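Encoded as structure tokens, the structure appears first; notes follow it.
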Amino acid sequence: MFSIDRAAYRVRQLRRSLLPRVTRAERDDTRLVLGPQLFPLFASMQPADQRHCLDVHARLTAGGCTNGEMLQAALIHDAGKSSIAGARFGMHHRIVYVVLQGFPGLLDGLARRNRGIRSLHQHDQRTIELAREYGASDGVVRLLLAIDGHTSDERAAALMAADDQS
């Protein structure tokens, strides 16, 4: 469903992804939150995805969140788009993916035929696999599963809201 607000959000998101900036202080803080086991998931993401995850994290903390598992999930929730995940895509794939999200059947079909679209389309699943592989707590994995629609969790709803607004 098309809305002016959603379109404006996507335009802002595209602009931010073209020139993402992640400071050394933000990377250092992220390393502290994630620890040595999970930090490689964040570090392997493209700068645009790192920036987005940092924005989700900041939105949660600004809202008073202090739950470590939520904050970790915020910082790695797009790790399935990373080089560690084997994802390979360009900006044109991102644009097509966003445009086609309103057409799930078309998106599914294109994902079967195009590796870049498939990388984006399957990133939630791949993030969950990587989180398990890299030793994320059961709570972080449950939050990532909830984001992917496999479970319901009140904390995941807050995380998804922050993700939608970032």
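Labeling convention for the structure tokens: chains A, B, ... as they appear, residues from 1 per chain, ligands from 1 in order of appearance.
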
Q: Go through range 81-157 of chain A and collect every residue that DSSP, computed from the backbone, puts in alpha helix (DSSP H); the answer should be as an NGL selection string.
A: :A and (91-100 or 104-113 or 115-121 or 123-133 or 138-147 or 154-157)

List every residue of range 41-123 of chain A that has an atom at most 10 Å from any atom of range 134-143 of chain A, giving for each one its closest atom pair and the distance in Å to one decimal, counting only C-alpha atoms, sorted by chain and then by ascending residue number, as CSV.
```
residue,atom,partner,partner_atom,distance
A:Leu41,CA,A:Tyr134,CA,8.1
A:Gly68,CA,A:Val140,CA,8.8
A:Glu69,CA,A:Val140,CA,5.1
A:Met70,CA,A:Val140,CA,6.8
A:Leu71,CA,A:Val140,CA,9.0
A:Gln72,CA,A:Val140,CA,7.0
A:Ala73,CA,A:Val140,CA,5.6
A:Ala74,CA,A:Val140,CA,9.3
A:Ile76,CA,A:Val140,CA,9.5
A:His77,CA,A:Leu143,CA,9.2
```

Please write the residues from the selection above to a file, keeping N, CA, C and O atoms, as a PDB file, in the first residue's frame.
```
ATOM      1  N   LEU A  41      29.933  -9.583  13.193  1.00  0.00           N
ATOM      2  CA  LEU A  41      28.704  -9.500  12.402  1.00  0.00           C
ATOM      3  C   LEU A  41      28.424  -8.051  12.009  1.00  0.00           C
ATOM      4  O   LEU A  41      28.056  -7.763  10.868  1.00  0.00           O
ATOM      5  N   GLY A  68      20.031  -5.366  27.293  1.00  0.00           N
ATOM      6  CA  GLY A  68      21.205  -5.716  26.505  1.00  0.00           C
ATOM      7  C   GLY A  68      20.898  -6.567  25.285  1.00  0.00           C
ATOM      8  O   GLY A  68      21.496  -6.377  24.219  1.00  0.00           O
ATOM      9  N   GLU A  69      19.968  -7.498  25.418  1.00  0.00           N
ATOM     10  CA  GLU A  69      19.632  -8.358  24.280  1.00  0.00           C
ATOM     11  C   GLU A  69      18.958  -7.560  23.166  1.00  0.00           C
ATOM     12  O   GLU A  69      19.244  -7.771  21.987  1.00  0.00           O
ATOM     13  N   MET A  70      18.085  -6.643  23.529  1.00  0.00           N
ATOM     14  CA  MET A  70      17.448  -5.796  22.515  1.00  0.00           C
ATOM     15  C   MET A  70      18.484  -4.927  21.801  1.00  0.00           C
ATOM     16  O   MET A  70      18.437  -4.769  20.579  1.00  0.00           O
ATOM     17  N   LEU A  71      19.403  -4.369  22.574  1.00  0.00           N
ATOM     18  CA  LEU A  71      20.407  -3.493  21.998  1.00  0.00           C
ATOM     19  C   LEU A  71      21.358  -4.273  21.090  1.00  0.00           C
ATOM     20  O   LEU A  71      21.765  -3.782  20.030  1.00  0.00           O
ATOM     21  N   GLN A  72      21.699  -5.494  21.488  1.00  0.00           N
ATOM     22  CA  GLN A  72      22.526  -6.327  20.617  1.00  0.00           C
ATOM     23  C   GLN A  72      21.770  -6.695  19.343  1.00  0.00           C
ATOM     24  O   GLN A  72      22.326  -6.609  18.238  1.00  0.00           O
ATOM     25  N   ALA A  73      20.516  -7.089  19.478  1.00  0.00           N
ATOM     26  CA  ALA A  73      19.718  -7.444  18.298  1.00  0.00           C
ATOM     27  C   ALA A  73      19.607  -6.248  17.348  1.00  0.00           C
ATOM     28  O   ALA A  73      19.684  -6.417  16.124  1.00  0.00           O
ATOM     29  N   ALA A  74      19.460  -5.055  17.907  1.00  0.00           N
ATOM     30  CA  ALA A  74      19.372  -3.854  17.064  1.00  0.00           C
ATOM     31  C   ALA A  74      20.635  -3.683  16.224  1.00  0.00           C
ATOM     32  O   ALA A  74      20.570  -3.315  15.053  1.00  0.00           O
ATOM     33  N   ILE A  76      22.765  -5.982  15.189  1.00  0.00           N
ATOM     34  CA  ILE A  76      23.098  -7.055  14.230  1.00  0.00           C
ATOM     35  C   ILE A  76      21.906  -7.500  13.390  1.00  0.00           C
ATOM     36  O   ILE A  76      22.021  -8.442  12.604  1.00  0.00           O
ATOM     37  N   HIS A  77      20.754  -6.839  13.494  1.00  0.00           N
ATOM     38  CA  HIS A  77      19.550  -7.357  12.843  1.00  0.00           C
ATOM     39  C   HIS A  77      19.626  -7.384  11.317  1.00  0.00           C
ATOM     40  O   HIS A  77      18.833  -8.069  10.677  1.00  0.00           O
TER      41      HIS A  77
END
```

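With only C-alpha atoms as the basis for measurement, A:Ser44 is the residue among A:Ser44, A:Ser166, A:Gln37, A:Thr23 that approaches Gly86 in chain A most closely.
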
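Distance check against Arg155 in chain A using only C-alpha atoms: of A:Val56, A:Leu19, A:Leu32, A:Cys65, the minimum falls on A:Cys65.
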
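Distance check against Met45 in chain A using only C-alpha atoms: of A:Ala111, A:Leu60, A:Ala87, A:Ile4, the minimum falls on A:Ala87.
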
Q.
So the first atom is CA of Thr127 in chain A and the second is CA of Ala48 in chain A; what is the distance between them in Å, to one decimal place?
A.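 So the answer is 16.3 Å.
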
Q) Which is closest to Gly109 in chain A among A:Val11, A:Arg59, A:His121, A:Asp49, if we use only C-alpha atoms? A) A:His121

Q | For Gln165 in chain A, the nearest of the candidates A:Arg31, A:His57, A:Arg112, A:Arg24, counting only C-alpha atoms | A |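 Between A:Arg31, A:His57, A:Arg112, A:Arg24, the residue approaching Gln165 in chain A most closely is A:His57.
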